[in-house]
Amino acid sequence: AKLAATRDLMNSFNESLDRIVDDPTIAKLWLDGIYAYNDLPNTDRIRVSSLNQRLMRLIEQHHLHIKKGHIDPSFFASMDRAYSDWITKPGVQQWWESAKDMFEAGFAGIVDSQIAAGKERGYESSYKEERERSA
């Protein structure tokens, strides 16, 4: 049962990422949004918001499944590290401030803690240097 739940969550995660990987326009929009969400025009912001919400709902599901003992803790830990890295991006933090009330309060508190830790350590990204050169 744990393997099935883990597989289902991983498949859902991969399906969300497929949209970004398969479409260069979405990939650019995603990249712009994770670094400067508030600077996007409204039409782009709603698209990035939808992508972020899909991913954050998956994170919320991971937290629910680990709390209930439905998924392997080592899988959860590896995914949580990936999510924690995503949350360090300034545009994701901007989006979260406008969206966190849509999520369960306990989960929102966990994300807020991860964001605080991310702000403390800063963000690192292979995309950061490229974006800063083109700016």
# chains A, B, ... in the order shown; residues from 1 in each chain; ligands from 1
$ residues_around --residues "segment 65-77 of chain A" --least-positions-apart "2" --cutoff "9 Å" --atoms "only C-alpha atoms" --output "PyMOL selection string"
chain A and resi 1-6+60-63+79-82
$ atom_distance --atom1 "atom CA of Ile115 of chain A" --atom2 "atom CA of Thr88 of chain A"
6.2 Å
$ closest_residue --among "A:Ile59, A:Val21, A:Ala105, A:Val48" --to "Ser84 of chain A" --atoms "only C-alpha atoms"
A:Ile59
$ closest_atom_pairs --of "segment 37-107 of chain A" --to "segment 26-31 of chain A" --cutoff "12 Å" --atoms "only C-alpha atoms" --output "Markdown table"
| residue | atom | partner | partner_atom | distance |
| --- | --- | --- | --- | --- |
| A:Tyr37 | CA | A:Trp30 | CA | 9.2 |
| A:Asp39 | CA | A:Leu29 | CA | 11.6 |
| A:Leu40 | CA | A:Leu29 | CA | 8.9 |
| A:Pro41 | CA | A:Leu29 | CA | 10.8 |
| A:Thr43 | CA | A:Leu29 | CA | 10.7 |
| A:Asp44 | CA | A:Leu29 | CA | 7.1 |
| A:Arg45 | CA | A:Leu29 | CA | 8.9 |
| A:Ile46 | CA | A:Leu29 | CA | 10.8 |
| A:Arg47 | CA | A:Leu29 | CA | 8.3 |
| A:Val48 | CA | A:Trp30 | CA | 6.1 |
| A:Ser49 | CA | A:Trp30 | CA | 9.5 |
| A:Ser50 | CA | A:Trp30 | CA | 10.5 |
| A:Leu51 | CA | A:Trp30 | CA | 7.9 |
| A:Asn52 | CA | A:Trp30 | CA | 8.9 |
| A:Leu55 | CA | A:Trp30 | CA | 11.9 |
| A:Trp86 | CA | A:Leu31 | CA | 11.1 |
| A:Lys89 | CA | A:Leu31 | CA | 10.0 |
| A:Pro90 | CA | A:Leu31 | CA | 11.2 |
| A:Gly91 | CA | A:Leu31 | CA | 9.1 |
| A:Val92 | CA | A:Trp30 | CA | 10.0 |
$ atom_distance --atom1 "atom CA of Tyr83 of chain A" --atom2 "atom CA of Gly118 of chain A"
10.8 Å
$ select_by_dssp --residues "chain A" --states "alpha helix (DSSP H)" --output "ChimeraX atom specification"
/A:2-22,24-36,42-68,73-87,90-99,105-121,126-134
$ decode --residues "segment 43-86 of chain A" --atoms "C-alpha atoms" --output "compact mmCIF listing (two decimals), in the first residue's frame"
# COMPACT_ATOMS: atom_id res chain seq x y z
CA THR A 43 -2.56 36.88 -17.46
CA ASP A 44 0.83 35.31 -16.76
CA ARG A 45 0.39 35.53 -13.00
CA ILE A 46 -2.80 33.46 -13.14
CA ARG A 47 -1.03 30.79 -15.19
CA VAL A 48 1.94 30.65 -12.81
CA SER A 49 -0.45 30.67 -9.86
CA SER A 50 -2.22 27.62 -11.29
CA LEU A 51 1.09 25.79 -11.79
CA ASN A 52 2.21 26.69 -8.27
CA GLN A 53 -1.10 25.63 -6.78
CA ARG A 54 -0.88 22.23 -8.48
CA LEU A 55 2.58 21.66 -7.10
CA MET A 56 1.70 22.96 -3.63
CA ARG A 57 -1.36 20.68 -3.52
CA LEU A 58 0.95 17.75 -4.20
CA ILE A 59 3.20 18.87 -1.37
CA GLU A 60 0.15 19.11 0.87
CA GLN A 61 -0.79 15.55 -0.13
CA HIS A 62 2.73 14.34 0.67
CA HIS A 63 2.46 15.88 4.13
CA LEU A 64 -0.93 14.29 4.69
CA HIS A 65 0.30 10.88 3.56
CA ILE A 66 3.42 11.01 5.74
CA LYS A 67 1.32 12.09 8.72
CA LYS A 68 -0.98 9.09 8.17
CA GLY A 69 1.96 6.72 7.58
CA HIS A 70 0.92 6.01 3.98
CA ILE A 71 4.23 6.71 2.24
CA ASP A 72 7.82 5.74 2.85
CA PRO A 73 9.59 8.33 5.04
CA SER A 74 12.76 8.27 2.91
CA PHE A 75 10.73 9.14 -0.22
CA PHE A 76 9.02 11.93 1.67
CA ALA A 77 12.36 13.30 2.89
CA SER A 78 13.82 13.40 -0.62
CA MET A 79 10.74 15.12 -2.06
CA ASP A 80 10.62 17.54 0.86
CA ARG A 81 14.20 18.62 0.12
CA ALA A 82 13.23 19.34 -3.49
CA TYR A 83 10.16 21.29 -2.40
CA SER A 84 12.17 23.21 0.18
CA ASP A 85 14.54 24.32 -2.58
CA TRP A 86 11.62 25.50 -4.76
